[in-house]
Amino acid sequence: MHALEKSKPKRPFIIPQFTTKDYQSFFLAGAICCTLSHGAMTPIDVVKTRIQIDPAFTGLGFVSGTRQVISKEGIRALLTGFGPTAVGYLVQGGTKFAGYEFWKKKFSEIAGDQETVIAHRTAIYLGAAGVAEFFADILLTPLEATRIHLVSQRGYATGLVSGLTRLAREGGVRELQIPYAIGQFTVNELCHEIVYRSMTLETRRNLSSPANFTIALGSGITAGFAAAILSQPADTLLSQINKGHGPKGSMVYRLGTLAREAGFKGLFAGLGPRMIMTAGLVSSQFVMYGAIKNALAAPPGLEIHKE
């Protein structure tokens with residue numbers, strides 16, 4: 001009997017077959033949610049960037065940093081870099097969310113059967129998030145570098161077009177937000193799994209809209225904290241590089257030197273404001289993404305949670 005059970009074929013994993021229209025809906029939902037969330041967080045990002053790279057803001061927290069920006073530059077300074085942020089995350093958000101849906105499905109198909117998919121679900125989340133973010137960052141890089149220059153260098157340019165023109169002329173820096181995306185998607189998936197495993201299938205099917213909203217919000221906030229912590233060192237170094245700090249030489253040498261000079265504490269400068277910003281970003285993105293997909297009549301994404 002035991003031998004028969006061991007030779008029993010593994011169950012095939014039923015994977016939804018998304019159409020081109022489905023991926024277009026995923027892209028549109030991701031583009032809208034990322035543009036709105038990142039655009040709304042522009043003031044927090046301005047303060048966070050100043051704390052990271054401006055010596056005049058050393059030791060300041062979010063509230064005191066905000067007051068200093070307003071007192072020295074006026075309230076409009078809090079919207080510095082809004083143009084590149086909105087345009088950059090329009091294309092990045094769409095590519096990231098649609099790409100995550102695509103690669104999660106593709107890696108699940110490669111795994112083949114339900115037991116293997118479930119056993120390696122974390123690796124699938126990590127791989128899908130990493131690959132999707134890699135391609136999304138290629139589109140985001142010049143716009144995000146322009147935003148950082150506008151925020152960190154007063155008078156760098158008058159707006160998006162002039163900033164991009166100057167960046168192209170002087171050369172920019174590639175930014176990869178892969179640690180951020182890994183934290184965002186993987187932790188969100190795992191949080192949902194923990195919640196769903198605590199309830200029966202019938203209870204889950206009958207969840208009210210407020211209950212689903214609470215689960216999405218709580219999972220998103222937790223994922224946002226994880227994304228902020230994982231990506232903070234890279235974010236700090238990127239801001240320093242785009243500010244022109246560090247020695248001459250290869251990018252690896254410059255990053256290594258800046259990391260040693262900053263030390264552990266310096267690499268996590270501005271983490272508090274960034275955790276607030278990222279928790280708001282990630283939670284609002286997942287809530288809006290689900291709502292927009294429903295409005296577009298798009299199918300739900302592939303779920304591979306362990307029961």
# chains A, B, ... in the order shown; residues from 1 in each chain; ligands from 1
$ residues_around --residues "His120 (chain A)" --least-positions-apart "2" --cutoff "12 Å" --atoms "only C-alpha atoms" --output "JSON, numbers by chain"
{"A": [104, 107, 108, 110, 111, 112, 113, 114, 115, 116, 117, 118, 122, 123, 124, 125, 126, 127, 304, 305, 306]}
$ write_last_selection --atoms "C-alpha atoms" --output "compact mmCIF listing (two decimals), in the first residue's frame"
# COMPACT_ATOMS: atom_id res chain seq x y z
CA LYS A 104 5.08 33.74 -11.64
CA PHE A 107 8.07 29.61 -13.39
CA SER A 108 5.07 27.63 -12.09
CA ILE A 110 8.38 25.08 -15.45
CA ALA A 111 7.96 23.48 -12.00
CA GLY A 112 5.22 21.35 -13.52
CA ASP A 113 3.12 19.81 -10.76
CA GLN A 114 1.24 21.18 -7.76
CA GLU A 115 3.49 19.67 -5.07
CA THR A 116 6.66 21.06 -6.65
CA VAL A 117 5.12 24.49 -7.20
CA ILE A 118 3.93 24.73 -3.59
CA THR A 122 9.07 31.24 -2.23
CA ALA A 123 11.71 30.71 -4.91
CA ILE A 124 9.04 31.33 -7.54
CA TYR A 125 8.00 34.59 -5.84
CA LEU A 126 11.65 35.71 -5.56
CA GLY A 127 12.46 34.83 -9.17
CA ILE A 304 0.09 29.04 -5.12
CA HIS A 305 -0.41 29.37 -1.37
CA LYS A 306 0.09 26.32 0.82
$ residues_around --residues "Phe134 (chain A)" --least-positions-apart "4" --cutoff "12 Å" --atoms "only C-alpha atoms" --output "number ranges by chain"
A: 92, 95-96, 99-100, 103, 127-130, 138-141, 174-182
$ write_last_selection --atoms "C-alpha atoms" --output "mmCIF file, in the first residue's frame"
data_model
loop_
_atom_site.group_PDB
_atom_site.id
_atom_site.type_symbol
_atom_site.label_atom_id
_atom_site.label_comp_id
_atom_site.auth_asym_id
_atom_site.auth_seq_id
_atom_site.Cartn_x
_atom_site.Cartn_y
_atom_site.Cartn_z
ATOM 1 C CA GLN A 92 7.809 50.954 -14.362
ATOM 2 C CA THR A 95 5.938 46.543 -16.426
ATOM 3 C CA LYS A 96 6.575 45.360 -12.857
ATOM 4 C CA GLY A 99 5.788 41.098 -15.453
ATOM 5 C CA TYR A 100 5.317 39.588 -12.007
ATOM 6 C CA TRP A 103 6.907 35.259 -14.603
ATOM 7 C CA GLY A 127 12.464 34.825 -9.166
ATOM 8 C CA ALA A 128 9.327 36.384 -10.636
ATOM 9 C CA ALA A 129 9.787 39.608 -8.666
ATOM 10 C CA GLY A 130 13.488 39.843 -9.519
ATOM 11 C CA ILE A 138 15.586 49.502 -17.467
ATOM 12 C CA LEU A 139 12.625 51.757 -18.286
ATOM 13 C CA LEU A 140 12.710 53.605 -14.962
ATOM 14 C CA THR A 141 16.458 54.273 -14.706
ATOM 15 C CA ARG A 174 21.697 52.652 -13.456
ATOM 16 C CA GLU A 175 19.348 51.908 -10.594
ATOM 17 C CA LEU A 176 18.134 48.412 -9.842
ATOM 18 C CA GLN A 177 15.296 48.096 -7.327
ATOM 19 C CA ILE A 178 15.373 44.296 -7.269
ATOM 20 C CA PRO A 179 15.717 44.021 -3.437
ATOM 21 C CA TYR A 180 12.728 46.367 -3.128
ATOM 22 C CA ALA A 181 10.569 44.286 -5.476
ATOM 23 C CA ILE A 182 11.591 41.030 -3.811
#
$ residues_around --residues "Leu281 (chain A)" --least-positions-apart "3" --cutoff "9 Å" --atoms "only C-alpha atoms" --output "list in words"
Cys34, Ser37, His38, Ala40, Met41, Gly220, Ile221, Gly224, Ile276, Met277, Thr278, Ser284, Gln285 and Phe286 of chain A
$ closest_residue --among "A:Gly290, A:Ala98, A:Glu303, A:Leu230" --to "Glu189 (chain A)" --atoms "only C-alpha atoms"
A:Glu303
$ atom_distance --atom1 "CA of Ala227 (chain A)" --atom2 "CA of Gly183 (chain A)"
4.3 Å
$ closest_residue --among "A:Ser209, A:Ser219, A:Ser25, A:Gln184" --to "Ile292 (chain A)" --atoms "only C-alpha atoms"
A:Ser25
